[in-house]
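Data from my_file_24.txt: compact mmCIF, C-alpha atoms
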# COMPACT_ATOMS: atom_id res chain seq x y z
CA MET D 20 -106.42 -14.40 18.34
CA PRO D 21 -102.95 -14.12 19.82
CA SER D 22 -102.92 -17.42 21.70
CA THR D 23 -101.05 -20.61 20.99
CA GLN D 24 -102.80 -23.34 22.93
CA LEU D 25 -100.71 -26.51 23.26
CA THR D 26 -103.20 -29.29 22.59
CA SER D 27 -103.33 -32.76 21.13
CA HIS D 28 -103.99 -33.12 17.41
CA ASN D 29 -107.42 -34.69 18.00
CA SER D 30 -108.72 -31.64 19.86
CA ARG D 31 -107.38 -29.06 17.39
CA ALA D 32 -110.77 -28.32 15.82
CA ALA D 33 -112.42 -27.70 19.18
CA ASP D 34 -109.55 -25.48 20.31
CA CYS D 35 -109.68 -23.47 17.08
CA ARG D 36 -113.33 -22.74 17.76
CA ALA D 37 -112.45 -21.68 21.31
CA HIS D 38 -109.30 -19.72 20.61
CA GLY D 39 -109.64 -18.59 17.01
CA PRO D 40 -107.78 -19.30 13.80
CA HIS D 41 -104.33 -18.47 15.18
CA THR D 42 -104.33 -21.50 17.49
CA LEU D 43 -101.24 -23.64 16.90
CA ASP D 44 -100.01 -26.88 18.44
CA ILE D 45 -96.42 -26.85 19.65
CA ASN D 46 -96.58 -29.75 22.10
CA ILE D 47 -98.98 -32.05 23.92
CA HIS D 48 -101.30 -30.37 26.40
CA PRO D 49 -101.69 -32.24 29.72
CA ASN D 50 -104.88 -34.19 30.22
CA GLN D 51 -107.40 -31.83 31.78
CA GLU D 52 -108.73 -34.43 34.23
CA ALA D 53 -105.22 -35.13 35.50
CA LEU D 54 -104.59 -31.39 35.66
CA GLY D 55 -107.67 -30.91 37.83
CA LYS D 56 -106.61 -33.68 40.21
CA ALA D 57 -103.15 -32.15 40.50
CA ILE D 58 -104.40 -28.80 41.80
CA ASP D 59 -103.63 -28.22 45.46
CA ARG D 60 -107.00 -27.06 46.82
CA THR D 61 -105.38 -25.52 49.88
CA ILE D 62 -103.58 -23.13 47.53
CA THR D 63 -106.35 -22.61 44.97
CA PRO D 64 -109.64 -23.21 46.81
CA ASN D 65 -111.51 -21.75 43.81
CA HIS D 66 -110.51 -24.92 41.91
CA GLU D 67 -108.61 -23.01 39.26
CA PRO D 68 -105.12 -23.89 38.12
CA ARG D 69 -102.25 -21.66 39.08
CA VAL D 70 -100.76 -20.17 35.93
CA PHE D 71 -97.19 -18.90 35.72
CA PHE D 72 -96.75 -16.46 32.84
CA PHE D 73 -93.23 -16.14 31.40
CA ASP D 74 -92.08 -13.18 29.36
CA ILE D 75 -89.66 -14.28 26.62
CA ASP D 76 -87.25 -11.66 25.30
CA ASN D 77 -84.58 -10.45 27.74
CA CYS D 78 -86.22 -12.66 30.37
CA LEU D 79 -85.76 -16.30 29.34
CA TYR D 80 -82.34 -15.24 28.10
CA SER D 81 -80.01 -12.50 29.30
CA LYS D 82 -80.35 -9.02 27.86
CA ASP D 83 -76.54 -9.00 27.85
CA LEU D 84 -76.79 -11.04 24.64
CA GLY D 85 -77.83 -7.82 22.90
CA MET D 86 -81.09 -8.99 21.33
CA HIS D 87 -82.83 -5.66 21.98
CA ALA D 88 -80.01 -3.80 20.28
CA SER D 89 -80.21 -6.18 17.31
CA MET D 90 -83.94 -5.56 17.01
CA ARG D 91 -83.40 -1.81 17.16
CA VAL D 92 -80.84 -2.02 14.37
CA LYS D 93 -83.28 -4.01 12.22
CA ILE D 94 -86.09 -1.52 12.84
CA GLU D 95 -83.92 1.49 12.07
CA LYS D 96 -82.55 -0.23 8.94
CA TYR D 97 -86.16 -0.73 7.82
CA PHE D 98 -86.85 2.99 8.30
CA GLU D 99 -83.71 3.89 6.37
CA ASP D 100 -84.64 1.59 3.47
CA ALA D 101 -88.12 3.14 3.44
CA GLY D 102 -86.57 6.60 3.06
CA PHE D 103 -87.39 8.04 6.49
CA ASP D 104 -85.27 10.72 8.14
CA ASN D 105 -84.35 10.78 11.86
CA VAL D 106 -84.87 7.03 12.14
CA SER D 107 -83.72 6.82 15.77
CA THR D 108 -86.22 9.50 16.82
CA LEU D 109 -89.00 7.78 14.88
CA SER D 110 -88.22 4.41 16.46
CA ASN D 111 -88.33 5.93 19.95
CA ARG D 112 -91.53 7.80 19.10
CA TYR D 113 -93.26 4.60 18.01
CA TYR D 114 -92.10 2.88 21.18
CA LEU D 115 -93.63 5.62 23.31
CA ASP D 116 -96.83 6.00 21.27
CA TYR D 117 -97.60 2.36 20.57
CA GLY D 118 -95.98 0.41 23.41
CA LEU D 119 -93.36 -1.21 21.18
CA ALA D 120 -91.70 0.00 18.02
CA ILE D 121 -92.91 -2.90 15.88
CA ARG D 122 -96.49 -1.87 16.65
CA GLY D 123 -95.92 1.53 15.13
CA LEU D 124 -94.36 -0.10 12.11
CA VAL D 125 -97.35 -2.35 11.53
CA ILE D 126 -99.91 0.40 12.03
CA ASN D 127 -98.17 2.96 9.81
CA HIS D 128 -96.01 0.87 7.47
CA PRO D 129 -97.16 -2.78 7.34
CA ASP D 130 -94.24 -5.08 6.56
CA GLU D 131 -92.68 -8.35 7.70
CA LYS D 132 -89.00 -7.46 7.24
CA VAL D 133 -88.19 -6.85 10.92
CA ASP D 134 -89.88 -9.63 12.86
CA GLY D 135 -88.23 -12.91 11.93
CA SER D 136 -85.07 -11.35 10.52
CA LEU D 137 -83.01 -11.60 13.71
CA PRO D 138 -80.19 -14.18 13.69
CA LEU D 139 -81.55 -15.98 16.77
CA GLU D 140 -79.76 -19.23 16.01
CA GLU D 141 -76.43 -17.38 16.11
CA ILE D 142 -77.18 -15.61 19.39
CA LEU D 143 -79.11 -18.12 21.51
CA SER D 144 -78.23 -21.65 22.58
CA GLU D 145 -79.79 -24.45 24.58
CA ASN D 146 -80.11 -23.72 28.30
CA LYS D 147 -80.43 -27.03 30.14
CA ALA D 148 -80.43 -25.42 33.59
CA LEU D 149 -83.42 -23.28 32.62
CA ARG D 150 -85.23 -26.24 31.11
CA ASP D 151 -84.71 -28.30 34.28
CA MET D 152 -85.94 -25.42 36.45
CA ILE D 153 -89.11 -24.95 34.41
CA ILE D 154 -89.88 -28.67 34.23
CA SER D 155 -89.50 -29.05 38.00
CA MET D 156 -91.84 -26.12 38.67
CA ASN D 157 -94.88 -27.20 40.69
CA VAL D 158 -97.67 -25.22 39.04
CA GLU D 159 -100.61 -26.45 37.00
CA LYS D 160 -99.91 -24.34 33.91
CA LYS D 161 -96.81 -22.67 32.50
CA TRP D 162 -97.65 -20.06 29.89
CA LEU D 163 -95.62 -17.81 27.59
CA PHE D 164 -96.78 -14.18 27.47
CA THR D 165 -94.92 -11.95 25.02
CA ASN D 166 -95.20 -8.79 22.96
CA ALA D 167 -93.41 -10.59 20.15
CA GLY D 168 -95.04 -12.32 17.21
CA LYS D 169 -95.75 -16.04 17.17
CA LYS D 170 -92.93 -17.04 14.81
CA HIS D 171 -90.31 -15.13 16.78
CA ALA D 172 -91.53 -16.58 20.08
CA LEU D 173 -91.41 -20.16 18.83
CA ARG D 174 -87.96 -19.64 17.33
CA VAL D 175 -86.63 -18.40 20.67
CA ILE D 176 -88.14 -21.36 22.54
CA LYS D 177 -86.60 -23.78 20.06
CA CYS D 178 -83.16 -22.12 20.26
CA LEU D 179 -83.20 -22.30 24.06
CA GLY D 180 -84.20 -25.98 24.02
CA LEU D 181 -87.47 -25.27 25.84
CA GLU D 182 -89.90 -26.99 23.49
CA GLY D 183 -92.44 -29.04 25.45
CA CYS D 184 -92.03 -26.99 28.65
CA PHE D 185 -95.09 -24.76 28.27
CA ASP D 186 -98.85 -25.21 28.00
CA GLY D 187 -99.53 -22.26 25.72
CA LEU D 188 -98.52 -18.92 24.28
CA THR D 189 -100.18 -15.50 24.21
CA PHE D 190 -98.47 -13.36 21.59
CA CYS D 191 -99.05 -10.21 19.56
CA ASP D 192 -100.81 -10.76 16.26
CA TYR D 193 -99.36 -7.92 14.21
CA LEU D 194 -102.15 -8.25 11.63
CA GLU D 195 -104.86 -7.60 14.23
CA PRO D 196 -105.97 -3.93 14.17
CA ASN D 197 -104.83 -2.12 17.33
CA PHE D 198 -103.60 -5.38 18.87
CA PRO D 199 -103.14 -5.13 22.67
CA CYS D 200 -99.68 -5.53 24.14
CA LYS D 201 -98.10 -5.35 27.57
CA PRO D 202 -98.39 -3.26 29.67
CA GLU D 203 -101.96 -2.59 28.49
CA ARG D 204 -104.58 -4.05 30.80
CA GLU D 205 -106.45 -5.79 27.97
CA SER D 206 -103.34 -7.74 27.11
CA TYR D 207 -103.32 -9.29 30.60
CA ARG D 208 -107.03 -10.03 30.40
CA ARG D 209 -106.46 -11.77 27.10
CA ALA D 210 -103.64 -13.86 28.57
CA MET D 211 -105.92 -14.93 31.42
CA ARG D 212 -108.66 -15.92 28.97
CA ASP D 213 -106.16 -17.82 26.84
CA ALA D 214 -104.82 -19.72 29.85
CA GLY D 215 -108.28 -20.41 31.26
CA VAL D 216 -107.90 -18.59 34.57
CA VAL D 217 -110.37 -16.12 36.11
CA HIS D 218 -108.93 -15.26 39.51
CA ALA D 219 -105.93 -12.93 39.49
CA SER D 220 -104.67 -14.52 42.71
CA ASN D 221 -103.77 -17.61 40.68
CA CYS D 222 -101.60 -15.66 38.20
CA PHE D 223 -97.83 -15.15 38.37
CA LEU D 224 -95.61 -13.19 35.98
CA VAL D 225 -91.86 -12.93 35.53
CA ASP D 226 -90.78 -10.11 33.21
CA ASP D 227 -87.78 -7.84 32.66
CA SER D 228 -89.98 -4.78 32.05
CA ALA D 229 -90.78 -2.74 35.16
CA ALA D 230 -93.93 -1.38 33.49
CA ASN D 231 -95.15 -4.89 32.67
CA VAL D 232 -94.56 -6.10 36.22
CA ASP D 233 -96.22 -2.99 37.60
CA MET D 234 -99.39 -3.69 35.61
CA ALA D 235 -99.35 -7.32 36.76
CA LEU D 236 -99.46 -6.11 40.35
CA ASP D 237 -102.24 -3.69 39.45
CA MET D 238 -104.17 -6.63 38.03
CA GLY D 239 -103.72 -8.57 41.27
CA TRP D 240 -101.09 -10.97 39.97
CA THR D 241 -97.87 -11.96 41.73
CA GLY D 242 -95.03 -10.20 39.91
CA VAL D 243 -91.30 -10.93 39.71
CA HIS D 244 -89.02 -8.35 38.12
CA VAL D 245 -85.87 -9.53 36.35
CA ALA D 246 -83.96 -6.35 37.08
CA ASP D 247 -80.57 -4.96 36.11
CA ASP D 248 -80.04 -4.32 39.83
CA PRO D 249 -82.49 -6.20 42.12
CA GLU D 250 -81.37 -4.15 45.10
CA VAL D 251 -82.47 -0.94 43.41
CA SER D 252 -85.68 -2.13 41.75
CA ASN D 253 -88.88 -1.76 43.74
CA PHE D 254 -91.13 -3.22 41.05
CA GLY D 255 -93.00 -6.42 41.71
CA HIS D 256 -93.27 -8.50 44.84
CA PHE D 257 -89.80 -9.90 44.19
CA GLN D 258 -86.73 -8.79 42.27
CA ILE D 259 -84.10 -11.12 40.79
CA SER D 260 -81.09 -10.61 38.52
CA GLU D 261 -81.80 -13.62 36.28
CA ILE D 262 -84.63 -16.05 35.72
CA LEU D 263 -82.74 -19.01 37.20
CA HIS D 264 -83.18 -17.32 40.59
CA LEU D 265 -86.96 -17.79 40.58
CA PRO D 266 -86.87 -20.73 43.06
CA ARG D 267 -85.15 -18.48 45.57
CA VAL D 268 -88.03 -16.03 45.81
CA LEU D 269 -90.92 -18.44 45.17
CA PRO D 270 -89.71 -21.72 46.74
CA HIS D 271 -93.26 -22.99 47.28
CA LEU D 272 -93.66 -23.33 43.51
CA TRP D 273 -91.06 -26.07 43.43
CA LYS D 274 -91.54 -29.52 44.92
CA SER D 275 -88.37 -29.31 46.98
CA VAL D 276 -86.03 -26.35 46.75
CA ASP D 277 -83.36 -25.28 49.21
CA THR D 278 -83.37 -21.52 48.70
CA LYS D 279 -79.81 -21.29 50.03
CA GLU D 280 -78.38 -23.94 47.74
CA THR D 281 -75.81 -23.02 45.12
CA ILE D 282 -77.37 -22.68 41.66
CA THR D 283 -75.20 -23.17 38.62
CA THR D 284 -75.92 -20.84 35.73
CA SER D 285 -74.64 -20.95 32.19
CA SER D 286 -71.95 -18.41 33.04
CA ALA D 287 -71.02 -18.86 36.71
CA THR D 288 -71.90 -20.46 40.03
CA ILE D 289 -73.61 -17.95 42.30
CA GLN D 290 -74.61 -18.30 45.94
CA ALA D 291 -78.35 -17.63 46.23
CA PRO D 292 -79.17 -14.42 48.16
CA GLU D 293 -82.08 -13.90 50.47
CA PRO D 294 -85.33 -13.02 48.60
CA GLN D 295 -85.83 -9.32 47.82
CA VAL D 296 -89.33 -8.18 48.72
CA ALA D 297 -90.70 -4.86 47.44
Please render this file's structure as structure tokens.
Amino acid sequence: MPSTQLTSHNSRAADCRAHGPHTLDINIHPNQEALGKAIDRTITPNHEPRVFFFDIDNCLYSKDLGMHASMRVKIEKYFEDAGFDNVSTLSNRYYLDYGLAIRGLVINHPDEKVDGSLPLEEILSENKALRDMIISMNVEKKWLFTNAGKKHALRVIKCLGLEGCFDGLTFCDYLEPNFPCKPERESYRRAMRDAGVVHASNCFLVDDSAANVDMALDMGWTGVHVADDPEVSNFGHFQISEILHLPRVLPHLWKSVDTKETITTSSATIQAPEPQVA
């Protein structure tokens, strides 16, 4: 089951029965009674927690770091080593046919050489501004939702210094036959089950993929697109250029946020623009 539920050690057995053998602890889950008391009933009258789903790759960190290109190189190198011709065409074909190239690899040529081989520690570094933003977020659950495998996802979170910021992880289990991945509808349903939410109105997603954000809206979620050009993108309810701009478009999810304040990023200080609404 592609879900990492962040629970205490004492409840691991119960969670494994609920979420399957791939459950893994990566920090302490908040007390459920306290979580229930924290829910603002005027916002969620159905008594469910609000869940904010975070994509990981090219979303929690900038795509300008070239991670996607590094992954593509690894995939194509795998094809070359396996003796395939036209490796670039094959990689693109798998991406189109299976939703992501690694899925085609697993289905047709099972191997573990690609996932986990990226030099993440050389590319990524701790992002204190992002950590502070996530910690100050006023939602009941913060959940990671990725097409990557579990090991890759946890490596990225560790490199960015975000351990302890999230309540769980829904990932792709590459060993599961025909595993669902974004933007397939079943993948979103699985994420909702993993996070323990039934009503789509309580779900939020930030993602750099227009297709993934589009499906979130189709599911009834609130979607935020991390776009190359927010002024051009019309995907999602809101469009931002980087994840640190989330408080500008969803200020009610922070205890106290001045949407016109200056936000310091890892690269520059940028004056917050007015929210972009699709």
Rounded to one decimal in Å, what is the spacing between atom CA of D:Glu67 and atom CA of D:Phe190?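 Interatomic distance, atom CA of D:Glu67 to atom CA of D:Phe190: 22.5 Å.
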Just the number, please: distance in Å from atom CA of D:Leu179 to atom CA of D:Ser144, one decimal.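 Computed distance, atom CA of D:Leu179 to atom CA of D:Ser144, equals 5.2 Å.
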Test item: residues at most 8 Å from D:Val245, all atoms listed in the file, excluding those fewer than 3 positions along its chain, as number ranges by chain: D: 78, 225-228, 249, 258-262
From the list D:Lys201, D:Lys147, D:Arg212, D:His256, which residue is nearest D:Asn231 when using only C-alpha atoms? D:Lys201
If we count only C-alpha atoms and set the cut-off at 10 Å, which residues sit around stretch 235-238 of chain D, ignoring sequence neighbours fewer than 3 positions away in its own chain? Please answer as an MDAnalysis selection string. chainID D and resid 201:204 207:208 218:220 222:226 229:232 241:243 254:256
Residues near D:Cys184, anyone? I mean within 8 Å using all atoms listed in the file, not counting same-chain ones fewer than 4 positions away, as a ChimeraX atom specification. /D:150,153-154,161
Distance query D:Thr165 at most 7 Å, all atoms listed in the file, self and fewer than 5 positions along chain excluded, as a VMD selection string: chain D and resid 74 to 75 189 to 190
Quick one: of D:Val70, D:Met234, D:Leu149, D:Ala172, who's nearest to D:Leu137, counting all atoms listed in the file?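 The answer is D:Ala172, which sits nearest to D:Leu137.
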Between atom CA of D:Leu272 and atom CA of D:Trp162, distance in Å (one decimal): 14.6 Å
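For the choices D:Cys191, D:Ile62, D:Leu181, D:Val251, the atom-to-atom distance to D:Asp151 is smallest for D:Leu181 when using only C-alpha atoms.
For the residues D:Ala246, D:Met156, D:Leu173, D:Leu163, ranking by smallest atom-to-atom distance to D:Asn77 using only C-alpha atoms places D:Ala246 first.
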Minimum-distance residue to D:Ile176, chosen among D:Val217, D:Leu143, D:Met152, D:Val268 (using all atoms listed in the file): D:Leu143
